[in-house]
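Q: First the structure, then my questions, so here it is.
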Amino acid sequence: MLTRDSSDVIVVGAGVIGAACAYYAAQAGLSVTVIDRGPVAGGTTGSGEGNLLVSDKPLGPELELALLSCRLWRELADVLPSRIEYEEKGGLVVASDDTGMDALRDFAAAQGRAGVVVQEVPADRLGEAEPHLAPGLAGGFHYPQDAQVQPALAAAHLLRAAGPKLRLLLGEEVTALLTGADGRVRGVRTAAGELRAPQVVNAAGTWGGELARRAGVELPVRPRRGFVLVTEPLPRMVRHKVYAADYVADVASDSAALQTSAVVEGTPAGPVLIGASRERVGFDRTLSTAALRRLAAQATRLFPALAQVRAMRTYAGFRPYLPDHLPAIGPDPRLPGLLHACGHEGAGIGLAPATGLLIARRITGAEPPLDPRPFRPERFAQTT
């Protein structure tokens, strides 16, 4: 079996999570090989909207990760080309009635105590924030830290910014992890040969569970399908990332059934993006007209003017779902040398920089930027 040049770290997965892991590892002085069975951003990243959200995160470790990523994305926006379309557009979460507004108020107050910047918008001021928003809403909350990025471009430019420390191998599938006599990881095997490294990062997204099984460990990553509607190009009619309060509940739900809660946002190129649906149907890409109808109806209830706008296309993607809705980030004690960086569900674009920095710090032994314990991969070992 042909053995190619070794590196300090192999990252399996060239989506935005893998790209961020590679970028921060290279910044720490490590040589990195990134390998993917497809193209850059060929999986979940390429099907994402590019959400960088703190507004939908309740108190806890994911919010801490999101706040750190928020700061890191701002830093990266100064390093990466403007073509990644980073935009601090802010989020606007709206309620249809007083009960919903009270729930949002409690949610926002708790977030504010954790460092989230949030401002209440009374009903009579919603039109100033979004002139095309439907009348009759009870109010909302503005989250200026919410932002947007073009995810495929972000992944590509993170890999490019890693510089000469990075080697990128596309169109190669990892078929096995290699271990030494001491039981530690020593690399990976593909059809093209063996690649050597003492550290391997599982950033395989929705396929992270399969890669873990090939390494002999269990990580219960499952796909959660979602659709996005894309309209014809328009003058900028939606200024923020706008969604109704029930979106937060859908994100946290364990239901396998179809759930839809419209998130509506404009883009610099003109089209309006309308998500988000969620359902666990395996890797079935069959077009769901029920999901699309519900998304369209919910979006037009928020923005009635969209009823006259044509939807030009739709696309599907699979979020890498873990049962407790927290990603697996860090070393796996069951196989020394293996680290995981997957299971971010629909938040991977937003959480990528903090994930990459945390992985790089764990590899080098440096102080982690936050408490890594809630994300430990082995937490599922007793329940699987």
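Numbering starts fresh at 1 for the residues of each chain in the structure tokens, the chains themselves are lettered A, B, ... in the order given, and ligands are numbered from 1 as they appear.
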Mind running segment 262-365 of chain A against segment 57-66 of chain A at 9 Å and telling me each contacting residue's nearest atom pair with the distance in Å (one decimal), counting only C-alpha atoms, chain and number ascending, as a tab-separated table?

A:
residue	atom	partner	partner_atom	distance
A:His325	CA	A:Glu62	CA	8.8
A:Leu326	CA	A:Glu62	CA	6.7
A:Pro327	CA	A:Glu62	CA	8.4
A:Ala347	CA	A:Ala66	CA	8.8
A:Gly350	CA	A:Ala66	CA	6.8
A:Leu351	CA	A:Ala66	CA	5.6
A:Ala354	CA	A:Leu65	CA	6.1
A:Thr355	CA	A:Leu65	CA	7.7

Q: Using only C-alpha atoms, determine which residues lie at most 10 Å from Glu232 of chain A, disregarding the query and same-chain residues fewer than 3 positions distant; provide the list as an mmCIF file with all heavy atoms, in the first residue's frame.

A:
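Contents of part36.cif, as written:
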data_model
loop_
_atom_site.group_PDB
_atom_site.id
_atom_site.type_symbol
_atom_site.label_atom_id
_atom_site.label_comp_id
_atom_site.auth_asym_id
_atom_site.auth_seq_id
_atom_site.Cartn_x
_atom_site.Cartn_y
_atom_site.Cartn_z
ATOM 1 N N GLY A 270 -29.450 39.653 -4.359
ATOM 2 C CA GLY A 270 -30.827 39.969 -4.705
ATOM 3 C C GLY A 270 -31.871 38.945 -4.312
ATOM 4 O O GLY A 270 -32.942 39.318 -3.838
ATOM 5 N N PRO A 271 -31.636 37.626 -4.519
ATOM 6 C CA PRO A 271 -32.664 36.661 -4.132
ATOM 7 C C PRO A 271 -32.936 36.686 -2.628
ATOM 8 O O PRO A 271 -32.053 36.976 -1.820
ATOM 9 C CB PRO A 271 -32.070 35.309 -4.545
ATOM 10 C CG PRO A 271 -31.096 35.643 -5.628
ATOM 11 C CD PRO A 271 -30.521 36.974 -5.242
ATOM 12 N N VAL A 272 -34.168 36.361 -2.276
ATOM 13 C CA VAL A 272 -34.553 36.162 -0.884
ATOM 14 C C VAL A 272 -34.503 34.666 -0.591
ATOM 15 O O VAL A 272 -34.991 33.851 -1.380
ATOM 16 C CB VAL A 272 -35.967 36.716 -0.616
ATOM 17 C CG1 VAL A 272 -36.444 36.347 0.787
ATOM 18 C CG2 VAL A 272 -35.980 38.232 -0.790
ATOM 19 N N LEU A 273 -33.880 34.310 0.525
ATOM 20 C CA LEU A 273 -33.803 32.915 0.959
ATOM 21 C C LEU A 273 -34.880 32.666 1.998
ATOM 22 O O LEU A 273 -35.062 33.458 2.930
ATOM 23 C CB LEU A 273 -32.436 32.601 1.564
ATOM 24 C CG LEU A 273 -31.214 32.875 0.695
ATOM 25 C CD1 LEU A 273 -29.941 32.467 1.433
ATOM 26 C CD2 LEU A 273 -31.306 32.144 -0.632
ATOM 27 N N VAL A 309 -44.032 37.214 -5.657
ATOM 28 C CA VAL A 309 -42.654 36.959 -6.094
ATOM 29 C C VAL A 309 -42.504 35.500 -6.503
ATOM 30 O O VAL A 309 -43.058 34.599 -5.857
ATOM 31 C CB VAL A 309 -41.676 37.318 -4.953
ATOM 32 C CG1 VAL A 309 -40.253 36.890 -5.308
ATOM 33 C CG2 VAL A 309 -41.725 38.818 -4.665
ATOM 34 N N ARG A 310 -41.765 35.264 -7.559
ATOM 35 C CA ARG A 310 -41.549 33.895 -8.035
ATOM 36 C C ARG A 310 -40.428 33.211 -7.264
ATOM 37 O O ARG A 310 -39.372 33.814 -7.020
ATOM 38 C CB ARG A 310 -41.191 33.907 -9.521
ATOM 39 C CG ARG A 310 -42.335 34.293 -10.439
ATOM 40 C CD ARG A 310 -41.867 34.341 -11.874
ATOM 41 N NE ARG A 310 -40.860 35.384 -12.066
ATOM 42 C CZ ARG A 310 -40.214 35.601 -13.202
ATOM 43 N NH1 ARG A 310 -40.451 34.833 -14.252
ATOM 44 N NH2 ARG A 310 -39.331 36.569 -13.302
ATOM 45 N N ALA A 311 -40.659 31.955 -6.905
ATOM 46 C CA ALA A 311 -39.590 31.100 -6.381
ATOM 47 C C ALA A 311 -38.876 30.472 -7.574
ATOM 48 O O ALA A 311 -39.491 29.782 -8.390
ATOM 49 C CB ALA A 311 -40.160 30.033 -5.470
ATOM 50 N N MET A 312 -37.574 30.728 -7.685
ATOM 51 C CA MET A 312 -36.808 30.269 -8.848
ATOM 52 C C MET A 312 -36.276 28.845 -8.678
ATOM 53 O O MET A 312 -36.157 28.105 -9.638
ATOM 54 C CB MET A 312 -35.636 31.219 -9.099
ATOM 55 C CG MET A 312 -36.074 32.662 -9.380
ATOM 56 S SD MET A 312 -37.064 32.810 -10.880
ATOM 57 C CE MET A 312 -35.809 32.482 -12.129
ATOM 58 N N ARG A 313 -35.965 28.486 -7.450
ATOM 59 C CA ARG A 313 -35.428 27.144 -7.239
ATOM 60 C C ARG A 313 -35.541 26.793 -5.758
ATOM 61 O O ARG A 313 -35.864 27.631 -4.910
ATOM 62 C CB ARG A 313 -33.970 27.042 -7.695
ATOM 63 C CG ARG A 313 -32.980 27.886 -6.917
ATOM 64 C CD ARG A 313 -31.594 27.811 -7.519
ATOM 65 N NE ARG A 313 -30.620 28.604 -6.796
ATOM 66 C CZ ARG A 313 -29.848 28.157 -5.821
ATOM 67 N NH1 ARG A 313 -29.943 26.873 -5.442
ATOM 68 N NH2 ARG A 313 -28.977 28.937 -5.215
#

Q: Taking the DSSP secondary structure from the backbone, can you list the residues of segment 66-102 of chain A that are strand (DSSP E), as a PyMOL selection string?

A: chain A and resi 91-95

Q: Write the residues of the selection above to a file with N, CA, C and O atoms, as a PDB file, in the first residue's frame.

A:
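Result written to again_15.pdb:
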ATOM      1  N   GLY A  91     -30.526  40.139  13.334  1.00  0.00           N
ATOM      2  CA  GLY A  91     -31.728  39.316  13.296  1.00  0.00           C
ATOM      3  C   GLY A  91     -32.898  40.040  13.925  1.00  0.00           C
ATOM      4  O   GLY A  91     -32.722  40.876  14.818  1.00  0.00           O
ATOM      5  N   LEU A  92     -34.078  39.733  13.451  1.00  0.00           N
ATOM      6  CA  LEU A  92     -35.314  40.273  14.014  1.00  0.00           C
ATOM      7  C   LEU A  92     -36.257  39.108  14.260  1.00  0.00           C
ATOM      8  O   LEU A  92     -36.699  38.446  13.315  1.00  0.00           O
ATOM      9  N   VAL A  93     -36.541  38.833  15.520  1.00  0.00           N
ATOM     10  CA  VAL A  93     -37.445  37.754  15.909  1.00  0.00           C
ATOM     11  C   VAL A  93     -38.772  38.388  16.307  1.00  0.00           C
ATOM     12  O   VAL A  93     -38.800  39.287  17.158  1.00  0.00           O
ATOM     13  N   VAL A  94     -39.860  37.945  15.699  1.00  0.00           N
ATOM     14  CA  VAL A  94     -41.152  38.602  15.911  1.00  0.00           C
ATOM     15  C   VAL A  94     -42.157  37.653  16.552  1.00  0.00           C
ATOM     16  O   VAL A  94     -42.057  36.428  16.420  1.00  0.00           O
ATOM     17  N   ALA A  95     -43.123  38.255  17.253  1.00  0.00           N
ATOM     18  CA  ALA A  95     -44.199  37.494  17.894  1.00  0.00           C
ATOM     19  C   ALA A  95     -45.532  37.953  17.336  1.00  0.00           C
ATOM     20  O   ALA A  95     -45.732  39.146  17.081  1.00  0.00           O
TER      21      ALA A  95
END

Q: For segment 71-81 of chain A, work out the shell of residues within 12 Å, counting only C-alpha atoms and skipping chain neighbours fewer than 3 positions away, then give it as a ChimeraX atom specification.

A: /A:20,23-24,50-54,64-68,84-88,115-116,145-150,153-162,349-358,369

Q: Quick one: residues within 9 Å of Ser261 of chain A, only C-alpha atoms counted, chain neighbours fewer than 5 positions away excluded, as a PyMOL selection string?

A: chain A and resi 243-248+250+275-278+294-295+298-299

Q: Please report the interatomic distance between atom CA of Ala381 of chain A and atom CA of Pro333 of chain A in Å with one decimal.

A: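 Answer for the atom CA of Ala381 of chain A to atom CA of Pro333 of chain A separation: 11.0 Å.
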
Q: If you run DSSP on the backbone, which residues of segment 203-347 of chain A are alpha helix (DSSP H), as a list in words?

A: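 Put together, the selection reads Gly208, Gly209, Glu210, Leu211, Ala212, Arg213, Arg214, Asp246, Tyr247, Val248, Ala249, Asp250, Val251, Ala252, Thr289, Ala290, Ala291, Leu292, Arg293, Arg294, Leu295, Ala296, Ala297, Gln298, Ala299, Thr300, Arg301 and Leu302 of chain A.
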
Q: If you measure from atom CA of Phe141 of chain A to atom CA of Pro374 of chain A, what distance in Å do you get, rounded to one decimal?

A: 28.4 Å

Q: Write out as a tab-separated table (two decimals) with N, CA and C atoms, in the first residue's frame the residues lying within 6 Å of Arg319 of chain A, counting only C-alpha atoms and excluding same-chain residues fewer than 2 positions away.

A:
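Output contents, as saved in selection_37.tsv:
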chain	number	residue	atom	x	y	z
A	223	PRO	N	-28.82	12.30	10.00
A	223	PRO	CA	-29.21	13.41	9.11
A	223	PRO	C	-30.59	13.96	9.44
A	224	ARG	N	-30.73	15.26	9.36
A	224	ARG	CA	-32.03	15.93	9.54
A	224	ARG	C	-32.23	16.83	8.32
A	321	TYR	N	-27.31	15.85	12.99
A	321	TYR	CA	-28.07	15.93	14.24
A	321	TYR	C	-27.50	14.98	15.29
A	345	GLU	N	-25.69	20.24	13.76
A	345	GLU	CA	-27.04	20.38	13.21
A	345	GLU	C	-27.09	21.57	12.25
A	346	GLY	N	-28.01	22.53	12.46
A	346	GLY	CA	-28.12	23.65	11.52
A	346	GLY	C	-27.28	24.85	11.86

Q: Identify which of the residues A:Asp106, A:Glu173, A:Asp284, A:Glu378 lies closest to Ile35 of chain A, counting only C-alpha atoms when measuring atom-to-atom distances.

A: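 Smallest separation from Ile35 of chain A among the options: A:Glu173.
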
Q: Excluding same-chain residues fewer than 5 positions from Ile274 of chain A, what lies within 8 Å of it counting only C-alpha atoms, as a list of chain:residue names?

A: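 The contact residues come out as A:Val228, A:Leu229, A:Val230, A:Ala262, A:Val263, A:Val264, A:Glu265, A:Leu295, A:Ala296, A:Ala299.
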
Q: For each of A:Pro151, A:Gly365, A:Pro377, A:Gly163, take the minimum atom-to-atom distance to Pro331 of chain A, counting only C-alpha atoms, then give the residue where this is smallest.

A: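 Among the listed residues, the smallest separation from Pro331 of chain A belongs to A:Pro377.
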
Q: Can you build me a table of segment 214-329 of chain A residues sitting at most 8 Å from segment 131-137 of chain A, with the closest atom pair per residue and its distance in Å to one decimal, using only C-alpha atoms, sorted by chain and residue number, as a tab-separated table?

A:
residue	atom	partner	partner_atom	distance
A:Met237	CA	A:His132	CA	6.8
A:Val238	CA	A:His132	CA	7.4
A:Arg301	CA	A:Ala134	CA	6.7
A:Leu302	CA	A:Ala134	CA	5.3
A:Phe303	CA	A:Leu133	CA	4.9
A:Pro304	CA	A:Ala134	CA	6.2
A:Ala305	CA	A:His132	CA	7.0

Q: Find the residues near Ala138 of chain A: any atom within 6 Å, counting only C-alpha atoms, skip ones fewer than 6 places away on the same chain, and give them as a list in words.

A: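 Counting only C-alpha atoms, the residues come to Ala95, Ser96, Asp97, Asp98 and Ala123 of chain A.
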
Q: For a quick check of understanding, using only C-alpha atoms, which of A:Gly29, A:Gly330, A:Gly348, A:Gly38 has the smallest distance to Leu169 of chain A?

A: A:Gly38

Q: Could you tell me which of A:Gly42, A:Pro268, A:Gly183, A:Gly209 comes closest to Pro235 of chain A if we count only C-alpha atoms?

A: A:Pro268

Q: Using only C-alpha atoms, pick whichever of A:Ala269, A:Ala297, A:Met101, A:Leu292 has the shortest atom-to-atom distance to Arg236 of chain A.

A: A:Ala269
